[in-house]
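Trainee: Sharing a structure, written as structure tokens. Questions coming.
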Amino acid sequence: MSPATIRAWSWTHRWSSLVSTLFLLMLCLTGLPLVFSHELNEILLDEPWTAAAPDGPNLSLDRVLATALARQPGDVPAFMSFDEDRPVVNVTSRAPDAPAGQYNFQPIDQTSGDPAPLVAGHPLVEFLLQLHTDMFLGLAGMLFLGLMGLMFLVAVVSGVVLYAPFMRRLPFGTLRVEKTARTRWLDWHNLLGIVTAAWVVVVGLTGVVNTLAVPILALWNADALAGLTASAADAAPVPVSERASLDAAVARARAALPGLKLQFVAFPGTEYTTDHHYAVFFHGDTPLTTHLTTPALIDVRTGDLAAIAPMPWYVKALGLSQPLHFGDYGGLPLKIVWALLDLATIVILLSGLYLWLGKRRLARPGARP
């Protein structure tokens, strides 16, 4: 590699790192506890609850929906989801004139129709997640963090390219502990950087994909559902009172997708379906396939199966990005590995900043080497 090429890669590595370092430090520091978000919520939110009739029959989904809407007069249903470890159905509804994103959320005991306690993340965990996701800036914050993630990936790639020429006179993994502090930090920076490079690329790339969740889902809605939307474009929306039975729609979807687990239902008019279909989503039962969903679209007027709409590759990539990003697919041992690698990345970022500041100090006139 020629000196000019090395200088170009070095400039790329330096400035892509400096531009993204502070934001990457924030992401690493907030991401560290989020790796254990499930465990933290279990510890911080230990609230035992028992269904009203744990051995009794469950209410039908139509009955649960009617109960929820009766408690929110004037609302229209948006989503219905199902707890995996308790007989609770979560009904999300909204007023027709409510601002975008404003919903009413009701957990309902399916054995009685009574309100159930809300299971949400601890406020501290939710705060860290929001900060990690979009810095409380919504889509603009997500896209900005995605840009910082891309800058970090450039820094990693350029660092890998520079590793060989900078370390060509030293055996792999050399730590010159007898040298100055700056040299020792440089060796640690290089060693940790090259050892964790593959992991950092995976976590950085999945993080960038996660920041594109909103445009990815919008693309899926405009692309995959375009044909169904066009075929029903002239039909008037069906009032809630005239829609086909929700229980029958879910049963029809189950028959079309046997062997999968029911995840949630999207009602007409939401971003996950059209104005004329229930979208009944199912997922697998392994740690990874849990995040891969397949919807069955049911005609809201007739209750007939309209289509099975397998997710395109870009939506599947989004579904897999979150468990890969947080190491949430291999149990606690993998989460511990993820946390250790996260700590190593924090050391890499801090040491890189230290080395840059030290170089600037040595470049001043009269500075001692």
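Note on naming: chains are A, B, ... as they come in the structure tokens, residues start from 1 per chain, ligands start from 1 in the order shown.
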Name the residues in contact with Ala253 (chain A) at a cut-off of 12 Å, using only C-alpha atoms, excluding same-chain residues fewer than 2 positions from it; report them as a ChimeraX atom specification.

Mentor: /A:246-251,255-265,277-282,294-299,303-309

Trainee: Sorted by chain and rising residue number, which residues of region 48-145 of chain A lie within 9 Å of region 18-30 of chain A, and what are their closest atom pairs and distances in Å to one decimal, counting only C-alpha atoms, as a Markdown table?

Mentor:
| residue | atom | partner | partner_atom | distance |
| --- | --- | --- | --- | --- |
| A:Leu128 | CA | A:Thr30 | CA | 5.7 |
| A:Leu129 | CA | A:Thr30 | CA | 7.4 |
| A:Leu131 | CA | A:Thr30 | CA | 7.6 |
| A:His132 | CA | A:Leu27 | CA | 5.6 |
| A:Thr133 | CA | A:Leu27 | CA | 8.6 |
| A:Leu145 | CA | A:Phe23 | CA | 7.6 |

Trainee: Take the residues from that selection and write them out as a PDB file, in the first residue's frame, keeping all heavy atoms.

Mentor:
ATOM      1  N   LEU A 128     -34.076   4.619  28.557  1.00  0.00           N
ATOM      2  CA  LEU A 128     -32.846   4.230  27.863  1.00  0.00           C
ATOM      3  C   LEU A 128     -33.147   3.755  26.447  1.00  0.00           C
ATOM      4  O   LEU A 128     -32.400   4.054  25.509  1.00  0.00           O
ATOM      5  CB  LEU A 128     -32.124   3.140  28.650  1.00  0.00           C
ATOM      6  CG  LEU A 128     -31.538   3.554  30.006  1.00  0.00           C
ATOM      7  CD1 LEU A 128     -31.000   2.334  30.740  1.00  0.00           C
ATOM      8  CD2 LEU A 128     -30.435   4.597  29.821  1.00  0.00           C
ATOM      9  N   LEU A 129     -34.245   3.013  26.280  1.00  0.00           N
ATOM     10  CA  LEU A 129     -34.602   2.515  24.956  1.00  0.00           C
ATOM     11  C   LEU A 129     -34.942   3.663  24.014  1.00  0.00           C
ATOM     12  O   LEU A 129     -34.515   3.669  22.848  1.00  0.00           O
ATOM     13  CB  LEU A 129     -35.784   1.549  25.069  1.00  0.00           C
ATOM     14  CG  LEU A 129     -36.286   0.946  23.750  1.00  0.00           C
ATOM     15  CD1 LEU A 129     -35.183   0.148  23.074  1.00  0.00           C
ATOM     16  CD2 LEU A 129     -37.512   0.072  23.996  1.00  0.00           C
ATOM     17  N   LEU A 131     -33.935   6.804  24.268  1.00  0.00           N
ATOM     18  CA  LEU A 131     -32.700   7.526  23.992  1.00  0.00           C
ATOM     19  C   LEU A 131     -31.853   6.774  22.973  1.00  0.00           C
ATOM     20  O   LEU A 131     -31.269   7.367  22.056  1.00  0.00           O
ATOM     21  CB  LEU A 131     -31.924   7.734  25.290  1.00  0.00           C
ATOM     22  CG  LEU A 131     -30.599   8.505  25.213  1.00  0.00           C
ATOM     23  CD1 LEU A 131     -30.827   9.915  24.679  1.00  0.00           C
ATOM     24  CD2 LEU A 131     -29.918   8.550  26.582  1.00  0.00           C
ATOM     25  N   HIS A 132     -31.788   5.467  23.117  1.00  0.00           N
ATOM     26  CA  HIS A 132     -30.995   4.626  22.222  1.00  0.00           C
ATOM     27  C   HIS A 132     -31.597   4.582  20.823  1.00  0.00           C
ATOM     28  O   HIS A 132     -30.864   4.505  19.826  1.00  0.00           O
ATOM     29  CB  HIS A 132     -30.921   3.203  22.792  1.00  0.00           C
ATOM     30  CG  HIS A 132     -29.983   2.291  22.069  1.00  0.00           C
ATOM     31  ND1 HIS A 132     -28.653   2.181  22.380  1.00  0.00           N
ATOM     32  CD2 HIS A 132     -30.186   1.434  21.033  1.00  0.00           C
ATOM     33  CE1 HIS A 132     -28.075   1.298  21.583  1.00  0.00           C
ATOM     34  NE2 HIS A 132     -28.985   0.828  20.749  1.00  0.00           N
ATOM     35  N   THR A 133     -32.933   4.666  20.747  1.00  0.00           N
ATOM     36  CA  THR A 133     -33.617   4.499  19.467  1.00  0.00           C
ATOM     37  C   THR A 133     -33.636   5.772  18.643  1.00  0.00           C
ATOM     38  O   THR A 133     -33.311   5.762  17.446  1.00  0.00           O
ATOM     39  CB  THR A 133     -35.062   4.028  19.700  1.00  0.00           C
ATOM     40  OG1 THR A 133     -35.039   2.785  20.417  1.00  0.00           O
ATOM     41  CG2 THR A 133     -35.790   3.831  18.383  1.00  0.00           C
ATOM     42  N   LEU A 145     -29.216   8.822  13.821  1.00  0.00           N
ATOM     43  CA  LEU A 145     -28.413   7.762  14.425  1.00  0.00           C
ATOM     44  C   LEU A 145     -28.028   6.706  13.387  1.00  0.00           C
ATOM     45  O   LEU A 145     -26.950   6.103  13.475  1.00  0.00           O
ATOM     46  CB  LEU A 145     -29.173   7.128  15.587  1.00  0.00           C
ATOM     47  CG  LEU A 145     -29.325   8.007  16.831  1.00  0.00           C
ATOM     48  CD1 LEU A 145     -30.154   7.299  17.894  1.00  0.00           C
ATOM     49  CD2 LEU A 145     -27.968   8.402  17.392  1.00  0.00           C
TER      50      LEU A 145
END

Trainee: Quick one: residues within 10 Å of Pro117 (chain A), only C-alpha atoms counted, chain neighbours fewer than 2 positions away excluded, as a PyMOL selection string?

Mentor: chain A and resi 47-49+88+106-109+114-115+119-120

Trainee: Please report, as number ranges by chain, each residue of region 63-285 of chain A to which DSSP assigns helix (DSSP H, G or I) when run on this structure's backbone.

Mentor: A: 63-71, 123-134, 138-166, 181-195, 197-211, 213-223, 226-231, 240-242, 246-256
